[in-house]
Each structure stands twice: as structure tokens, then as C-alpha cells.
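What follows is a set of notes on a single structure, which appears directly below.
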Amino acid sequence: MSRGSGGGYDRHITIFSPEGRLFQVEYAFKAVKAAGITSIGVRGKDSVCVVTQKKVPDKLLDQTSVTHLFPITKFLGLLATGMTADARTLVQQARNEAAEFRFRYGYEMPVDVLAKWIADKSQVYTQHAYMRPLGVVAMVLGIDEENGPQLYKCDPAGHFYGHKATSAGSKEQEAINFLEKKMKNDPSFSYEETVQTAISALQSVLQEDFKATEIEVGVVRADNPIFRVLSTEEIDEHLTAISERD
Amino acid sequence: MGDSQYSFSLTTFSPSGKLVQIEHALTAVGSGQTSLGIKAANGVVIATEKKLPSILVDETSVQKIQCLTPNIGVVYSGMGPDFRVLVRKSRKLAEQYHRLYKEPIPVTQLVRETAAVMQEFTQSGGVRPFGVSLLVAGFDDSGPQLYQVDPSGSYFSWKASAMGKNVSNAKTFLEKRYTDDMELDDAVHTAILTLKEGFEGQISGKNIEIGIIGTDKKFRVLTPAEIDDYLAEVE
């Protein structure tokens with residue numbers, strides 16, 4: 001007689017269920033959705049843009065401290081969707097790792113190397129019982145010296161892929177459907193088109209028009225590879241351009 | 001390993017004498033994408049499906065078949081993140097061997113050491129087994145070799161093998177088609193036909209990966225264009 005469910009522990013720590021699944025990892029994905037925020041990333045011909053909702057649940061909160069968009073180095077940005085505390089740990093470790101990389105090897109950590117490092121760390125949490133997986137999906141963006149603009153997404157299971165466009169969070173699937181239609185013919189978006197595609201994807205999926213203070217936008221451009229968070233005025237310009245276009 | 005709070009093994013014997021976690025790991029492998037390997041008289045070919053979660057994924061950023069040494073390559077079925085860990089450990093083991101003996105590591109030795117790592121994770125405290133089976137293809141002084149390693153850490157040498165979702169159909173197909181005197185090119189064609197058997201959708205150089213090693217003892221992954229050429233020959 002084989003004991004069916006691993007003594008019931010397969011739901012509590014990352015051991016296999018009888019179907020060969022890792023329930024803790026699946027629950028971590030649910031935690032990302034439960035945070036109630038949707039994020040979008042789009043890679044253009046010479047730029048990458050990420051957008052996320054900025055929900056400030058209490059008027060007394062200092063809005064400037066509510067953010068999911070973090071610079072890791074001057075050239076690498078990270079958009080964390082999911083549990084904010086887990087996100088901050090991840091960002092702290094990523095910042096440390098990127099700085100050590102620069103010191104050890106003498107050049108800036110490339111986007112895919114950082115993405116792989118984050119994904120490998122996440123894999124450790126799925127295999128060792130002493131740490132739970134983080135409830136965060138990380139989108140890493142930057143300009144790669146050889147491959148140009150890059151957008152990577154890392155999830156709690158330890159998977160990471162490069163993306164032409166992607167989404168994470170509560171309305172992830174709807175956003176991906178929207179983006180698949182837009183990117184079907186392999187378009188090569190300019191900077192403005194990249195940003196506007198990302199913002200309008202979010203608007204369409206959440207079915208509301210935003211004010212500039214309700215979203216956060218981060219970009220990197222090939223002609224200025226520094227990771228930048230757009231100011232409210234710049235976001236407003238893009239929002240106006242979108243509404244005039246429609 | 002030996003994580004403080006979990007100094008006991010999570011993989012323990014059931015009353016019937018089975019290690020249930022390993023069985024579940026094999027189930028995880030069985031629900032992974034199909035992969036296969038064929039040993040020819042003058043080389044080895046390994047191949048896998050490369051189905052990505054969305055067309056938005058940049059397929060050039062993903063490579064499932066990996067090189068462990070210049071003359072040994074590996075492919076997997078199962079959990080990608082676990083595979084990356086094993087690739088990293090194997091590469092290090094190969095390099096340590098080389099540093100000690102000033103010789104490239106023989107295929108059997110690398111397979112044995114990798115399998116030992118996988119076995120450790122079925123017995124050490126606080127960890128689960130790897131959810132991957134590996135197909136290791138290499139060419140050294142003993143000629144072309146193909147090994148399959150399972151989550152339990154057991155390994156066997158194969159003339160041809162398959163793993164993942166379509167394993168039974170693929171193995172039946174391979175049993176019919178395999179001949180001991182196959183050349184590498186024939187083996188590539190057979191590999192493609194085997195993958196085609198269970199493939200959902202249109203097969204192309206973008207949604208499968210093929211790695212080969214011949215008498216030149218250099219393992220390499222074929223480009224999508226080369227795969228498309230082979231596909232045209234197979235039509």
C-alpha cells in the first residue's frame with residue numbers, strides 16, 4: 001500500500017505530491033495573484049517598458065514609499081509583482097549580487113545573468129524544505145551589449161524566459177491574450193509605441209482609464225541605457241497620446 | 001545541505017518498501033515534454049520538444065539541450081529549474097576531474113558522479129528528489145555512448161531511449177526502427193520521426209531542439225535552419 005499524500009505534508013513543504021506536483025510552488029503562484037496588482041512588460045526595437053498598478057490603500061500613506069519598481073543597478077530594473085515583503089528581500093539580494101558581480105568581473109551584470117541568478121535562487125526554495133518559495137514574480141529589464149533590449153520574467157518555480165512581452169499578477173492571462181494579438185506579427189515598436197502598448201494593455205485588461213498617479217512606469221532605452229522610473233508628467237504625456245490616438 | 005531544522009530525510013520508506021517521493025518525482029518527469037536519444041554507429045543524437053508557454057516568449061532565450069563538456073551533451077524531461085542545478089553541478093564535476101587528471105572526463109565517470117548527486121537528494125535531510133530524468137550523450141575513447149539517469153540516481157546505458165509524456169509510443173517506435181549499424185544522419189531522421197509521432201501542432205526548427213555528436217567528438221546543438229533542412233529531408 002503506498003501512502004497517498006506524503007502524510008499530508010506535500011501541501012506544507014516542497015515535496016512531491018502523488019501526481020508529481022509541488023503544491024507549495026503552486027500556492028506561491030496564487031499568492032502572486034492574490035496581491036491584486038497586474039503588471040505588464042513590453043520589449044520594443046530599442047527599448048523596454050514595464051508598467052504596474054500603484055494602489056495606495058490608505059490616504060494617510062506616503063505615496064512615494066509605495067512602489068514595486070526597483071533599480072538593481074544603474075542599468076538594470078526589476079518589477080516585482082506579488083508579496084511586497086518578499087519582493088524587498090529579493091531586491092536586496094539582487095542588488096548585492098549585481099554589485100559583487102561588477103566588482104568581481106569588472107563589467108556590468110547582464111540582464112539574463114541576473115535573471116538566471118534569481119531563478120536559480122528560487123529553485124533552491126522549491127527543493128529545500130527549510131525555506132518556502134517567494135510569492136513574487138520578477139520582471140527584469142535592461143539593455144544587453146550584444147542582444148539589445150531584454151525583458152526576462154522569473155517565477156516562484158524557478159523558471160525564467162526572455163520575453164517579447166509578458167504580464168504577471170491578477171489579470172495575467174487576460175493581459176497575455178491581449179499582448180499575443182498585438183505582437184503576433186513580430187512588430188518592432190519604437191520607444192513611444194512600446195510605452196503606449198504597455199499602458200494601453202493594462203488599461204484594456206483592467207477596463208479603466210488611469211490617472212498618472214495610479215500607475216508606475218519604468219523604462220530602459222538603447223540610446224540611454226540607464227533604468228528610469230517615469231515622472232507623473234511623462235506618464236501624463238503618454239496617457240494623453242493614447243487617448244488622442246483612440 | 002543538512003539544513004538545520006530538517007536534519008531528517010523527507011524521502012522515507014513506505015510500509016511496502018517503496019520510496020514514494022521518488023515515484024512522485026518520476027510522475028513529474030512523465031508529465032514533462034518528450035525527449036529522446038539514439039546511439040548510432042558513429043555518433044549520438046538527442047532531441048526534445050520545445051513547447052513554450054506563449055508566443056510572447058523569445059525562443060532564442062531558451063536552450064533545453066546543454067553542453068557539459070566539449071564532448072558531452074545532455075537533455076532532460078521534467079522540471080527545467082532542477083535541470084539547471086544538475087547542469088551546473090555536472091559542469092563543475094567535469095572540470096574538477098580535468099584539473100586533477102589533466103584529461104577530459106570519460107562519459108561513464110561524469111554520468112556516475114551526476115547520478116550520485118541525484119541520489120544524495122533522495123537521502124539527505126530537508127530536500128526533495130530532482131524532478132528530472134537526464135539523457136547524457138557523449139563520445140570519448142570508448143566510442144559513442146548514451147545514458148539515462150533517473151531521479152533515484154540509477155542510470156543505464158541505452159541504444160535508444162525516450163522520456164516524458166509520449167514515452168511509451170516513442171519507445172515502441174524506436175524499438176521498431178533501431179538498427180545497430182545506423183549512421184548519425186539516419187539517427188537524426190529517426191529522432192525527428194519519433195518526435196513527430198506524438199507532436200501536437202506543426203513541427204518546425206523553432207519548436208524542437210536537436211543535439212548531435214559525431215566522430216569529431218564535438219557536441220553541438222543544431223540551428224533552427226539545420227533542423228528545418230532535416231525536416232524537409234524527412235518529408
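Residue numbering restarts at 1 for every chain of the C-alpha cells, chains are lettered A, B, ... in their displayed order, and ligands are numbered from 1 as they appear.
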> Residues of chain A within 6 Å of chain B, using only C-alpha atoms, as number ranges by chain?
Replying inline: A: 1, 15-16, 18, 20, 123, 127-129, 158-159, 162-165
> Can you list, as a VMD selection string, every protein, DNA or RNA residue that comes within 10 Å of A:Ala80 when you count only C-alpha atoms, leaving out same-chain residues fewer than 5 positions away?
Replying inline: chain A and resid 32 39 52 67 to 70 86 to 88 90 to 91 135 to 140 153 to 154 168 to 169
Output all heavy atoms for every residue in that selection, as a compact mmCIF listing (two decimals), in the first residue's frame.
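Output file result_27.txt follows:
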# COMPACT_ATOMS: atom_id res chain seq x y z
N VAL A 32 0.89 35.38 -5.63
CA VAL A 32 1.21 36.49 -6.53
C VAL A 32 -0.09 37.10 -7.05
O VAL A 32 -0.25 38.32 -7.11
CB VAL A 32 2.08 36.01 -7.70
CG1 VAL A 32 2.26 37.11 -8.72
CG2 VAL A 32 3.42 35.53 -7.20
N SER A 39 0.78 43.52 -13.70
CA SER A 39 1.92 44.23 -14.29
C SER A 39 2.11 43.77 -15.71
O SER A 39 1.78 42.64 -16.06
CB SER A 39 3.21 43.89 -13.54
OG SER A 39 3.03 44.05 -12.17
N THR A 52 3.01 48.97 -13.97
CA THR A 52 2.28 48.25 -12.95
C THR A 52 1.30 49.20 -12.27
O THR A 52 1.47 50.42 -12.32
CB THR A 52 3.22 47.62 -11.92
OG1 THR A 52 2.47 46.83 -11.01
CG2 THR A 52 3.98 48.67 -11.14
N THR A 67 5.97 51.36 -3.82
CA THR A 67 6.50 51.12 -5.16
C THR A 67 6.79 49.64 -5.36
O THR A 67 7.09 48.93 -4.39
CB THR A 67 7.78 51.94 -5.42
OG1 THR A 67 8.24 51.62 -6.74
CG2 THR A 67 8.86 51.56 -4.42
N HIS A 68 6.67 49.20 -6.63
CA HIS A 68 7.04 47.82 -6.96
C HIS A 68 8.17 47.81 -7.97
O HIS A 68 8.59 46.75 -8.43
CB HIS A 68 5.83 47.08 -7.57
CG HIS A 68 4.75 46.84 -6.58
ND1 HIS A 68 3.76 47.75 -6.29
CD2 HIS A 68 4.52 45.79 -5.77
CE1 HIS A 68 2.96 47.27 -5.37
NE2 HIS A 68 3.40 46.07 -5.03
N LEU A 69 8.67 48.99 -8.28
CA LEU A 69 9.67 49.13 -9.34
C LEU A 69 10.99 49.50 -8.67
O LEU A 69 11.09 50.52 -8.00
CB LEU A 69 9.21 50.27 -10.25
CG LEU A 69 9.54 50.28 -11.71
CD1 LEU A 69 9.37 48.94 -12.33
CD2 LEU A 69 8.61 51.28 -12.38
N PHE A 70 12.01 48.67 -8.84
CA PHE A 70 13.25 48.88 -8.11
C PHE A 70 14.45 48.88 -9.05
O PHE A 70 14.62 47.96 -9.84
CB PHE A 70 13.46 47.75 -7.09
CG PHE A 70 12.32 47.58 -6.13
CD1 PHE A 70 11.32 46.66 -6.38
CD2 PHE A 70 12.26 48.34 -4.97
CE1 PHE A 70 10.26 46.49 -5.49
CE2 PHE A 70 11.22 48.17 -4.07
CZ PHE A 70 10.21 47.25 -4.34
N ASP A 86 8.36 39.93 0.43
CA ASP A 86 9.23 39.00 -0.30
C ASP A 86 9.97 39.75 -1.41
O ASP A 86 11.14 39.46 -1.70
CB ASP A 86 8.38 37.88 -0.93
CG ASP A 86 7.90 36.88 0.11
OD1 ASP A 86 8.13 37.13 1.31
OD2 ASP A 86 7.30 35.87 -0.27
N ALA A 87 9.27 40.72 -2.03
CA ALA A 87 9.89 41.48 -3.11
C ALA A 87 11.10 42.23 -2.59
O ALA A 87 12.16 42.26 -3.22
CB ALA A 87 8.88 42.46 -3.71
N ARG A 88 10.96 42.86 -1.44
CA ARG A 88 12.08 43.64 -0.90
C ARG A 88 13.28 42.77 -0.59
O ARG A 88 14.44 43.16 -0.80
CB ARG A 88 11.64 44.42 0.32
CG ARG A 88 10.81 45.62 -0.07
CD ARG A 88 10.52 46.55 1.10
NE ARG A 88 9.50 47.51 0.72
CZ ARG A 88 9.75 48.66 0.12
NH1 ARG A 88 10.99 49.00 -0.16
NH2 ARG A 88 8.76 49.47 -0.21
N LEU A 90 14.07 40.01 -2.13
CA LEU A 90 14.65 39.63 -3.41
C LEU A 90 15.46 40.78 -3.98
O LEU A 90 16.59 40.59 -4.46
CB LEU A 90 13.51 39.27 -4.37
CG LEU A 90 13.94 38.89 -5.76
CD1 LEU A 90 14.79 37.65 -5.73
CD2 LEU A 90 12.71 38.64 -6.62
N VAL A 91 14.91 41.99 -3.92
CA VAL A 91 15.61 43.15 -4.47
C VAL A 91 16.92 43.39 -3.73
O VAL A 91 17.97 43.65 -4.34
CB VAL A 91 14.70 44.40 -4.37
CG1 VAL A 91 15.48 45.66 -4.58
CG2 VAL A 91 13.57 44.29 -5.37
N GLY A 135 6.73 34.62 -2.80
CA GLY A 135 5.49 34.89 -3.53
C GLY A 135 5.65 36.07 -4.45
O GLY A 135 4.90 37.05 -4.39
N VAL A 136 6.64 36.00 -5.35
CA VAL A 136 6.96 37.15 -6.21
C VAL A 136 7.25 36.66 -7.62
O VAL A 136 7.96 35.67 -7.79
CB VAL A 136 8.22 37.89 -5.71
CG1 VAL A 136 8.55 39.04 -6.62
CG2 VAL A 136 8.03 38.37 -4.30
N VAL A 137 6.71 37.38 -8.62
CA VAL A 137 7.17 37.19 -9.99
C VAL A 137 7.99 38.43 -10.33
O VAL A 137 7.52 39.55 -10.18
CB VAL A 137 5.97 37.07 -10.96
CG1 VAL A 137 6.44 37.22 -12.39
CG2 VAL A 137 5.29 35.74 -10.76
N ALA A 138 9.23 38.22 -10.77
CA ALA A 138 10.13 39.35 -11.03
C ALA A 138 10.30 39.54 -12.52
O ALA A 138 10.61 38.59 -13.24
CB ALA A 138 11.48 39.10 -10.37
N MET A 139 10.12 40.75 -12.99
CA MET A 139 10.43 41.08 -14.39
C MET A 139 11.70 41.92 -14.37
O MET A 139 11.72 42.99 -13.75
CB MET A 139 9.31 41.88 -15.02
CG MET A 139 8.12 41.05 -15.42
SD MET A 139 7.03 42.04 -16.41
CE MET A 139 5.46 41.57 -15.80
N VAL A 140 12.72 41.44 -15.06
CA VAL A 140 14.00 42.14 -15.06
C VAL A 140 14.20 42.76 -16.43
O VAL A 140 13.98 42.09 -17.45
CB VAL A 140 15.17 41.17 -14.77
CG1 VAL A 140 16.42 41.94 -14.48
CG2 VAL A 140 14.81 40.28 -13.60
N LYS A 153 11.39 37.27 -17.35
CA LYS A 153 10.45 37.09 -16.24
C LYS A 153 10.85 35.85 -15.45
O LYS A 153 11.07 34.79 -16.05
CB LYS A 153 9.03 36.94 -16.78
CG LYS A 153 7.99 36.87 -15.67
CD LYS A 153 6.57 36.99 -16.19
CE LYS A 153 6.06 35.68 -16.74
NZ LYS A 153 4.59 35.72 -16.96
N CYS A 154 10.95 36.00 -14.11
CA CYS A 154 11.33 34.88 -13.24
C CYS A 154 10.18 34.60 -12.29
O CYS A 154 9.64 35.52 -11.70
CB CYS A 154 12.55 35.23 -12.41
SG CYS A 154 13.83 36.04 -13.36
N ALA A 168 2.12 39.73 -15.43
CA ALA A 168 2.12 38.98 -14.18
C ALA A 168 1.05 39.59 -13.28
O ALA A 168 0.69 40.75 -13.45
CB ALA A 168 3.48 39.07 -13.49
N GLY A 169 0.55 38.77 -12.33
CA GLY A 169 -0.39 39.33 -11.36
C GLY A 169 -1.81 38.83 -11.58
O GLY A 169 -2.04 37.81 -12.23
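Of all the residues in stretch 78-155 of chain A, the ones DSSP labels as strand (DSSP E) from the backbone are Leu78, Leu79, Ala80, Thr81, Gly82, Val136, Val137, Ala138, Met139, Val140, Leu141, Gly142, Ile143, Asp144, Gly148, Pro149, Gln150, Leu151, Tyr152, Lys153 and Cys154 of chain A.
Relative to atom CA of B:Thr215, atom CA of B:Tyr155 is found at 24.1 Å.
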> Skipping near chain neighbours, those fewer than 6 positions away, what residues fall within 9 Å of stretch 189-206 of chain A using only C-alpha atoms, listed as an MDAnalysis selection string?
Replying inline: chainID A and resid 38:53 165 171:172 174:175 178:179 182 215 217 219 221 238:239 241:242
>> as a VMD selection string, please: every residue in stretch 3-215 of chain A that a backbone DSSP assignment puts in alpha helix (DSSP H).
In response: chain A and resid 23 to 34 84 to 105 111 to 127 172 to 182 191 to 206
Export of the given selection (C-alpha atoms) as a PDB file, in the first residue's frame:
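Just written: again-v4.pdb:
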ATOM      1  CA  PHE A  23       1.829  22.288  -4.102  1.00  0.00           C
ATOM      2  CA  GLN A  24       3.850  24.921  -2.257  1.00  0.00           C
ATOM      3  CA  VAL A  25       5.089  26.285  -5.574  1.00  0.00           C
ATOM      4  CA  GLU A  26       1.561  26.351  -6.950  1.00  0.00           C
ATOM      5  CA  TYR A  27       0.354  28.152  -3.850  1.00  0.00           C
ATOM      6  CA  ALA A  28       3.150  30.685  -4.265  1.00  0.00           C
ATOM      7  CA  PHE A  29       1.754  31.466  -7.724  1.00  0.00           C
ATOM      8  CA  LYS A  30      -1.663  32.001  -6.138  1.00  0.00           C
ATOM      9  CA  ALA A  31      -0.111  34.399  -3.628  1.00  0.00           C
ATOM     10  CA  VAL A  32       1.207  36.486  -6.525  1.00  0.00           C
ATOM     11  CA  LYS A  33      -2.298  36.755  -7.921  1.00  0.00           C
ATOM     12  CA  ALA A  34      -3.826  37.476  -4.527  1.00  0.00           C
ATOM     13  CA  THR A  84       5.841  43.226  -1.104  1.00  0.00           C
ATOM     14  CA  ALA A  85       7.940  41.918   1.772  1.00  0.00           C
ATOM     15  CA  ASP A  86       9.230  39.003  -0.305  1.00  0.00           C
ATOM     16  CA  ALA A  87       9.891  41.483  -3.108  1.00  0.00           C
ATOM     17  CA  ARG A  88      12.079  43.639  -0.905  1.00  0.00           C
ATOM     18  CA  THR A  89      14.173  40.652   0.195  1.00  0.00           C
ATOM     19  CA  LEU A  90      14.646  39.634  -3.408  1.00  0.00           C
ATOM     20  CA  VAL A  91      15.610  43.153  -4.467  1.00  0.00           C
ATOM     21  CA  GLN A  92      18.081  43.470  -1.613  1.00  0.00           C
ATOM     22  CA  GLN A  93      19.801  40.221  -2.549  1.00  0.00           C
ATOM     23  CA  ALA A  94      19.754  41.052  -6.263  1.00  0.00           C
ATOM     24  CA  ARG A  95      21.353  44.439  -5.599  1.00  0.00           C
ATOM     25  CA  ASN A  96      24.076  42.776  -3.583  1.00  0.00           C
ATOM     26  CA  GLU A  97      24.698  40.135  -6.218  1.00  0.00           C
ATOM     27  CA  ALA A  98      24.846  42.654  -9.076  1.00  0.00           C
ATOM     28  CA  ALA A  99      27.301  44.819  -7.171  1.00  0.00           C
ATOM     29  CA  GLU A 100      29.523  41.846  -6.359  1.00  0.00           C
ATOM     30  CA  PHE A 101      29.400  40.773  -9.979  1.00  0.00           C
ATOM     31  CA  ARG A 102      30.606  44.188 -11.112  1.00  0.00           C
ATOM     32  CA  PHE A 103      33.399  44.091  -8.534  1.00  0.00           C
ATOM     33  CA  ARG A 104      34.461  40.518  -9.271  1.00  0.00           C
ATOM     34  CA  TYR A 105      34.362  40.536 -13.057  1.00  0.00           C
ATOM     35  CA  VAL A 111      20.129  41.046 -17.743  1.00  0.00           C
ATOM     36  CA  ASP A 112      19.976  37.350 -18.463  1.00  0.00           C
ATOM     37  CA  VAL A 113      22.679  36.564 -15.906  1.00  0.00           C
ATOM     38  CA  LEU A 114      20.712  38.368 -13.191  1.00  0.00           C
ATOM     39  CA  ALA A 115      17.505  36.647 -14.295  1.00  0.00           C
ATOM     40  CA  LYS A 116      19.218  33.260 -14.121  1.00  0.00           C
ATOM     41  CA  TRP A 117      20.602  34.034 -10.682  1.00  0.00           C
ATOM     42  CA  ILE A 118      17.142  34.970  -9.388  1.00  0.00           C
ATOM     43  CA  ALA A 119      15.630  31.871 -10.970  1.00  0.00           C
ATOM     44  CA  ASP A 120      18.317  29.582  -9.543  1.00  0.00           C
ATOM     45  CA  LYS A 121      17.745  31.006  -6.071  1.00  0.00           C
ATOM     46  CA  SER A 122      14.004  30.420  -6.464  1.00  0.00           C
ATOM     47  CA  GLN A 123      14.731  26.814  -7.490  1.00  0.00           C
ATOM     48  CA  VAL A 124      16.607  26.241  -4.220  1.00  0.00           C
ATOM     49  CA  TYR A 125      13.490  27.219  -2.282  1.00  0.00           C
ATOM     50  CA  THR A 126      11.480  24.669  -4.260  1.00  0.00           C
ATOM     51  CA  GLN A 127      13.835  21.863  -3.351  1.00  0.00           C
ATOM     52  CA  GLU A 172      -2.111  37.925 -16.088  1.00  0.00           C
ATOM     53  CA  GLN A 173      -3.898  35.660 -18.549  1.00  0.00           C
ATOM     54  CA  GLU A 174      -6.147  38.368 -19.987  1.00  0.00           C
ATOM     55  CA  ALA A 175      -3.134  40.611 -20.478  1.00  0.00           C
ATOM     56  CA  ILE A 176      -1.152  37.877 -22.192  1.00  0.00           C
ATOM     57  CA  ASN A 177      -4.063  37.242 -24.581  1.00  0.00           C
ATOM     58  CA  PHE A 178      -4.163  40.956 -25.397  1.00  0.00           C
ATOM     59  CA  LEU A 179      -0.407  41.127 -25.922  1.00  0.00           C
ATOM     60  CA  GLU A 180      -0.303  37.978 -28.057  1.00  0.00           C
ATOM     61  CA  LYS A 181      -2.672  39.644 -30.503  1.00  0.00           C
ATOM     62  CA  LYS A 182      -0.586  42.800 -30.594  1.00  0.00           C
ATOM     63  CA  TYR A 191      10.025  53.836 -27.748  1.00  0.00           C
ATOM     64  CA  GLU A 192       6.665  55.655 -27.781  1.00  0.00           C
ATOM     65  CA  GLU A 193       4.861  52.648 -29.221  1.00  0.00           C
ATOM     66  CA  THR A 194       6.445  50.361 -26.611  1.00  0.00           C
ATOM     67  CA  VAL A 195       5.319  52.517 -23.705  1.00  0.00           C
ATOM     68  CA  GLN A 196       1.875  53.064 -25.144  1.00  0.00           C
ATOM     69  CA  THR A 197       1.346  49.387 -25.880  1.00  0.00           C
ATOM     70  CA  ALA A 198       2.232  48.547 -22.297  1.00  0.00           C
ATOM     71  CA  ILE A 199      -0.024  51.191 -20.769  1.00  0.00           C
ATOM     72  CA  SER A 200      -2.958  50.548 -23.092  1.00  0.00           C
ATOM     73  CA  ALA A 201      -2.660  46.807 -22.442  1.00  0.00           C
ATOM     74  CA  LEU A 202      -3.073  47.478 -18.745  1.00  0.00           C
ATOM     75  CA  GLN A 203      -5.985  49.830 -19.347  1.00  0.00           C
ATOM     76  CA  SER A 204      -7.747  47.400 -21.628  1.00  0.00           C
ATOM     77  CA  VAL A 205      -7.344  44.475 -19.289  1.00  0.00           C
ATOM     78  CA  LEU A 206      -8.456  46.334 -16.168  1.00  0.00           C
TER      79      LEU A 206
END
